[in-house]
Amino acid sequence: MSTKGKVLMAMSGGIDSTVAALMLHKEGYEVVGITMKTWDYASSVGTTGKKETGCCNIDSFNDARMAAVQHGFPHFILDIRDEFGDFVIENFIEEYIAGRTPNPCVMCNTHIKWRALLKRADALGCDFISTGHYAQVHQHSNGRYFISKGLDETKDQSYALWGLQQDLLKRTLLPLGTYRKTEIRQMAHDFGYPELAKKNESYEICFVPDNDYRGFLKRKVEGLEEKVNGGNFVDPQGKILGKHKGYPFYTVGQRKGLDIALGKPAFVTEIIPETNTVVLGNEEDLNRIEMKVTGINWMKYDGVTDGMEAVTKIRYKDKGALSNLYTYENGITVRFYDDVKGVAPGQSAVFYEGNDVIGGGIIQRT
């Protein structure tokens, strides 16, 4: 029996989760590996003929199982396609149809992956759950658990974990949070997995492995293309500039692939689904000084005092901008100190105090 406790480790077959599992095993935890099958590849990509990539293919399952077997701990494959598909994929489609830009990884972490892990951890008598995310879990003196940025700023994944609730956080171990990616690659070598150290990383959405979300929407929503084709591009004053291919196929901030010549760079500044209208403007037209955020999950504190200062990130690779947070009936109003570019409804807004996540939510259309 382990003195450290029993931990259910989510293993994708990639370098990060494999090394995290072996680290915990070496530290004396009783590790149980689990690989989650989240989506059905064939129905997702259609007939593009592209090979499976990312976290949900047979090779990845085998890599995860092999590492577990070689180090003497059990491994299971868990089919959560129904749980995942019903929520994450439907939300993804609904958001684009509503004229917003979704963040499916946040939705999956928040509503599916951690909940599925905790449910199985309880069934298997595990004290903890663990993943290979580059982030840290801490407990505040007020008793609350919260996420902090990973040490490796280039790999930090705290932004994608803002939705985790207290019951999940207090059971979560994130072994990679205090390491750099270069150190994890070296550990893979040291554990005897040189090939794993060279394995490519997957950055695409797992159920859109060809990165063509427009094609995915067309396959999933019958008659979508015919229904939305031929709407108007307009300027910020409402003047018609030309026709577009359908509002769900554009995102706020988009510049490339607009297929319209205006003699100057144009950016999508707003999407109006009610009238199938896409507003184009200059780069300056993307500037916003304020936004509304709803669906809030608080972490470090159980709320904020009006006017509290925070650094707010509006997308994964955003460095963040100084802002003040104000509560209103449905959520939070964020007022930035300086204009920020490309606030996209549907994306996550995450509030930081230093390296610590105060909380987060979903950016709304205004």
# chains A, B, ... in the order shown; residues from 1 in each chain; ligands from 1
>>> residues_around(residues="Leu217 (chain A)", least_positions_apart="5", cutoff="10 Å", atoms="only C-alpha atoms", output="compact mmCIF listing (two decimals) with all heavy atoms, in the first residue's frame")
# COMPACT_ATOMS: atom_id res chain seq x y z
N SER A 44 -16.25 12.41 -37.29
CA SER A 44 -15.79 13.78 -37.11
C SER A 44 -15.18 14.35 -38.38
O SER A 44 -15.48 15.46 -38.79
CB SER A 44 -14.72 13.79 -36.00
OG SER A 44 -14.62 15.04 -35.45
N PHE A 92 -20.16 23.38 -28.97
CA PHE A 92 -19.29 23.93 -30.02
C PHE A 92 -20.14 24.40 -31.21
O PHE A 92 -19.99 25.53 -31.70
CB PHE A 92 -18.33 22.83 -30.45
CG PHE A 92 -17.32 23.21 -31.50
CD1 PHE A 92 -16.16 23.90 -31.17
CD2 PHE A 92 -17.50 22.84 -32.83
CE1 PHE A 92 -15.22 24.23 -32.14
CE2 PHE A 92 -16.57 23.17 -33.81
CZ PHE A 92 -15.42 23.87 -33.46
N ILE A 93 -21.07 23.55 -31.64
CA ILE A 93 -21.93 23.88 -32.77
C ILE A 93 -22.87 25.03 -32.41
O ILE A 93 -23.00 26.00 -33.16
CB ILE A 93 -22.73 22.63 -33.22
CG1 ILE A 93 -21.77 21.57 -33.79
CG2 ILE A 93 -23.79 23.00 -34.26
CD1 ILE A 93 -22.40 20.18 -33.93
N GLU A 94 -23.51 24.93 -31.25
CA GLU A 94 -24.46 25.97 -30.83
C GLU A 94 -23.81 27.34 -30.74
O GLU A 94 -24.42 28.36 -31.10
CB GLU A 94 -25.07 25.60 -29.47
CG GLU A 94 -26.13 24.51 -29.54
CD GLU A 94 -26.44 23.91 -28.17
OE1 GLU A 94 -25.96 24.47 -27.15
OE2 GLU A 94 -27.14 22.88 -28.12
N TYR A 96 -21.16 28.55 -32.42
CA TYR A 96 -20.93 29.14 -33.75
C TYR A 96 -22.25 29.59 -34.38
O TYR A 96 -22.31 30.64 -35.02
CB TYR A 96 -20.21 28.14 -34.66
CG TYR A 96 -18.70 28.22 -34.53
CD1 TYR A 96 -17.98 27.14 -34.01
CD2 TYR A 96 -18.00 29.36 -34.92
CE1 TYR A 96 -16.59 27.21 -33.88
CE2 TYR A 96 -16.62 29.44 -34.79
CZ TYR A 96 -15.92 28.36 -34.27
OH TYR A 96 -14.55 28.44 -34.14
N ILE A 97 -23.32 28.81 -34.18
CA ILE A 97 -24.62 29.18 -34.74
C ILE A 97 -25.14 30.45 -34.05
O ILE A 97 -25.89 31.23 -34.63
CB ILE A 97 -25.64 28.02 -34.59
CG1 ILE A 97 -25.15 26.77 -35.36
CG2 ILE A 97 -27.03 28.43 -35.08
CD1 ILE A 97 -24.91 26.96 -36.84
N VAL A 208 -11.75 18.00 -34.25
CA VAL A 208 -11.57 18.65 -35.56
C VAL A 208 -10.09 18.54 -35.94
O VAL A 208 -9.39 19.54 -36.06
CB VAL A 208 -12.02 20.13 -35.55
CG1 VAL A 208 -12.12 20.69 -36.97
CG2 VAL A 208 -13.36 20.30 -34.85
N ASP A 212 -10.28 22.11 -39.74
CA ASP A 212 -11.26 22.77 -40.59
C ASP A 212 -12.61 22.80 -39.86
O ASP A 212 -13.47 21.95 -40.09
CB ASP A 212 -11.36 22.02 -41.93
CG ASP A 212 -12.43 22.61 -42.85
OD1 ASP A 212 -12.86 23.77 -42.62
OD2 ASP A 212 -12.86 21.90 -43.79
N GLU A 222 -27.19 19.94 -40.96
CA GLU A 222 -27.75 19.71 -42.30
C GLU A 222 -28.28 21.01 -42.92
O GLU A 222 -29.01 21.76 -42.28
CB GLU A 222 -28.88 18.68 -42.20
CG GLU A 222 -29.16 17.98 -43.52
CD GLU A 222 -30.22 16.89 -43.37
OE1 GLU A 222 -30.33 16.31 -42.27
OE2 GLU A 222 -30.93 16.66 -44.35
N LEU A 224 -26.79 23.75 -43.54
CA LEU A 224 -26.28 25.01 -42.98
C LEU A 224 -25.76 25.95 -44.07
O LEU A 224 -26.09 27.13 -44.09
CB LEU A 224 -25.15 24.72 -41.97
CG LEU A 224 -24.47 25.95 -41.37
CD1 LEU A 224 -25.45 26.79 -40.55
CD2 LEU A 224 -23.28 25.55 -40.49
N GLU A 225 -24.97 25.38 -44.99
CA GLU A 225 -24.35 26.21 -46.02
C GLU A 225 -25.39 26.96 -46.85
O GLU A 225 -25.29 28.17 -47.07
CB GLU A 225 -23.49 25.32 -46.93
CG GLU A 225 -22.27 26.01 -47.45
CD GLU A 225 -21.27 25.03 -48.09
OE1 GLU A 225 -21.46 23.80 -48.00
OE2 GLU A 225 -20.33 25.53 -48.71
N PRO A 248 -21.58 31.87 -39.54
CA PRO A 248 -20.89 30.96 -38.62
C PRO A 248 -19.44 30.67 -39.04
O PRO A 248 -18.67 30.12 -38.26
CB PRO A 248 -21.72 29.67 -38.66
CG PRO A 248 -23.03 30.06 -39.24
CD PRO A 248 -22.73 31.18 -40.19
N PHE A 249 -19.10 31.01 -40.29
CA PHE A 249 -17.78 30.64 -40.81
C PHE A 249 -16.76 31.75 -40.60
O PHE A 249 -15.67 31.73 -41.19
CB PHE A 249 -17.88 30.28 -42.29
CG PHE A 249 -18.94 29.22 -42.56
CD1 PHE A 249 -19.82 29.35 -43.63
CD2 PHE A 249 -19.07 28.12 -41.73
CE1 PHE A 249 -20.80 28.38 -43.86
CE2 PHE A 249 -20.04 27.15 -41.96
CZ PHE A 249 -20.91 27.28 -43.03
>>> residues_around(residues="Tyr250 (chain A)", least_positions_apart="4", cutoff="9 Å", atoms="only C-alpha atoms", output="PDB file with C-alpha atoms, in the first residue's frame")
ATOM      1  CA  TYR A  96     -20.930  29.137 -33.749  1.00  0.00           C
ATOM      2  CA  GLY A  99     -22.373  33.995 -33.673  1.00  0.00           C
ATOM      3  CA  THR A 101     -16.357  31.649 -30.961  1.00  0.00           C
ATOM      4  CA  ARG A 214     -16.102  25.154 -41.094  1.00  0.00           C
ATOM      5  CA  LYS A 245     -20.379  32.637 -47.190  1.00  0.00           C
ATOM      6  CA  GLY A 246     -22.361  32.591 -43.933  1.00  0.00           C
ATOM      7  CA  GLN A 254     -10.325  37.395 -38.578  1.00  0.00           C
ATOM      8  CA  LEU A 258     -12.553  36.934 -46.221  1.00  0.00           C
ATOM      9  CA  VAL A 268     -14.188  41.007 -38.749  1.00  0.00           C
ATOM     10  CA  ILE A 271     -21.008  39.005 -36.114  1.00  0.00           C
ATOM     11  CA  VAL A 278     -20.653  40.221 -40.739  1.00  0.00           C
TER      12      VAL A 278
END
>>> residues_around(residues="Gly359 (chain A)", least_positions_apart="2", cutoff="6 Å", atoms="only C-alpha atoms", output="ChimeraX atom specification")
/A:162,297-299,351,357
>>> write_last_selection(atoms="N, CA and C atoms", output="PDB file, in the first residue's frame")
ATOM      1  N   TRP A 162      -9.821  27.403 -15.786  1.00  0.00           N
ATOM      2  CA  TRP A 162     -10.532  28.333 -14.901  1.00  0.00           C
ATOM      3  C   TRP A 162     -11.873  27.794 -14.405  1.00  0.00           C
ATOM      4  N   ASN A 297     -16.851  31.249 -12.649  1.00  0.00           N
ATOM      5  CA  ASN A 297     -16.410  30.301 -11.625  1.00  0.00           C
ATOM      6  C   ASN A 297     -15.290  30.983 -10.837  1.00  0.00           C
ATOM      7  N   TRP A 298     -15.526  31.184  -9.539  1.00  0.00           N
ATOM      8  CA  TRP A 298     -14.499  31.798  -8.692  1.00  0.00           C
ATOM      9  C   TRP A 298     -13.577  30.745  -8.122  1.00  0.00           C
ATOM     10  N   MET A 299     -12.296  31.070  -8.035  1.00  0.00           N
ATOM     11  CA  MET A 299     -11.314  30.130  -7.502  1.00  0.00           C
ATOM     12  C   MET A 299     -10.684  30.634  -6.199  1.00  0.00           C
ATOM     13  N   PHE A 351      -9.271  35.820 -15.069  1.00  0.00           N
ATOM     14  CA  PHE A 351      -8.772  36.915 -14.225  1.00  0.00           C
ATOM     15  C   PHE A 351      -7.624  36.417 -13.349  1.00  0.00           C
ATOM     16  N   VAL A 357      -5.007  32.295 -10.522  1.00  0.00           N
ATOM     17  CA  VAL A 357      -6.306  32.482 -11.162  1.00  0.00           C
ATOM     18  C   VAL A 357      -7.343  32.843 -10.097  1.00  0.00           C
TER      19      VAL A 357
END
>>> select_by_dssp(residues="region 106-243 of chain A", states="strand (DSSP E or B)", output="PyMOL selection string")
chain A and resi 128-130+135-139+145-149+172-173+232-234+240-243
>>> write_last_selection(atoms="C-alpha atoms", output="short mmCIF file (atom, residue, chain, number, x, y, z; two decimals), in the first residue's frame")
data_model
loop_
_atom_site.label_atom_id
_atom_site.label_comp_id
_atom_site.auth_asym_id
_atom_site.auth_seq_id
_atom_site.Cartn_x
_atom_site.Cartn_y
_atom_site.Cartn_z
CA PHE A 128 -6.56 11.94 -6.16
CA ILE A 129 -6.91 12.59 -9.87
CA SER A 130 -4.06 13.86 -12.02
CA ALA A 135 -0.30 24.48 -14.12
CA GLN A 136 -0.25 24.33 -10.32
CA VAL A 137 -2.91 23.78 -7.65
CA HIS A 138 -2.59 25.67 -4.35
CA GLN A 139 -4.72 26.19 -1.27
CA TYR A 145 -8.21 25.91 -3.81
CA PHE A 146 -7.03 27.69 -6.94
CA ILE A 147 -4.96 27.24 -10.08
CA SER A 148 -1.67 29.09 -10.61
CA LYS A 149 0.36 29.43 -13.78
CA THR A 172 -6.23 17.30 -8.26
CA LEU A 173 -2.46 16.77 -8.60
CA ASN A 232 -23.96 40.86 -46.23
CA PHE A 233 -20.56 42.16 -45.29
CA VAL A 234 -21.16 45.69 -43.95
CA ILE A 240 -23.11 46.98 -47.65
CA LEU A 241 -19.63 46.00 -48.87
CA GLY A 242 -20.36 42.62 -50.48
CA LYS A 243 -21.58 39.06 -49.87
#
>>> atom_distance(atom1="CA of Ile89 (chain A)", atom2="CA of Phe207 (chain A)")
8.1 Å
>>> select_by_dssp(residues="region 16-153 of chain A", states="helix (DSSP H, G or I)", output="PyMOL selection string")
chain A and resi 16-27+41-45+58-70+81-97+104-123
>>> atom_distance(atom1="CA of Asp16 (chain A)", atom2="CA of Ile184 (chain A)")
7.1 Å
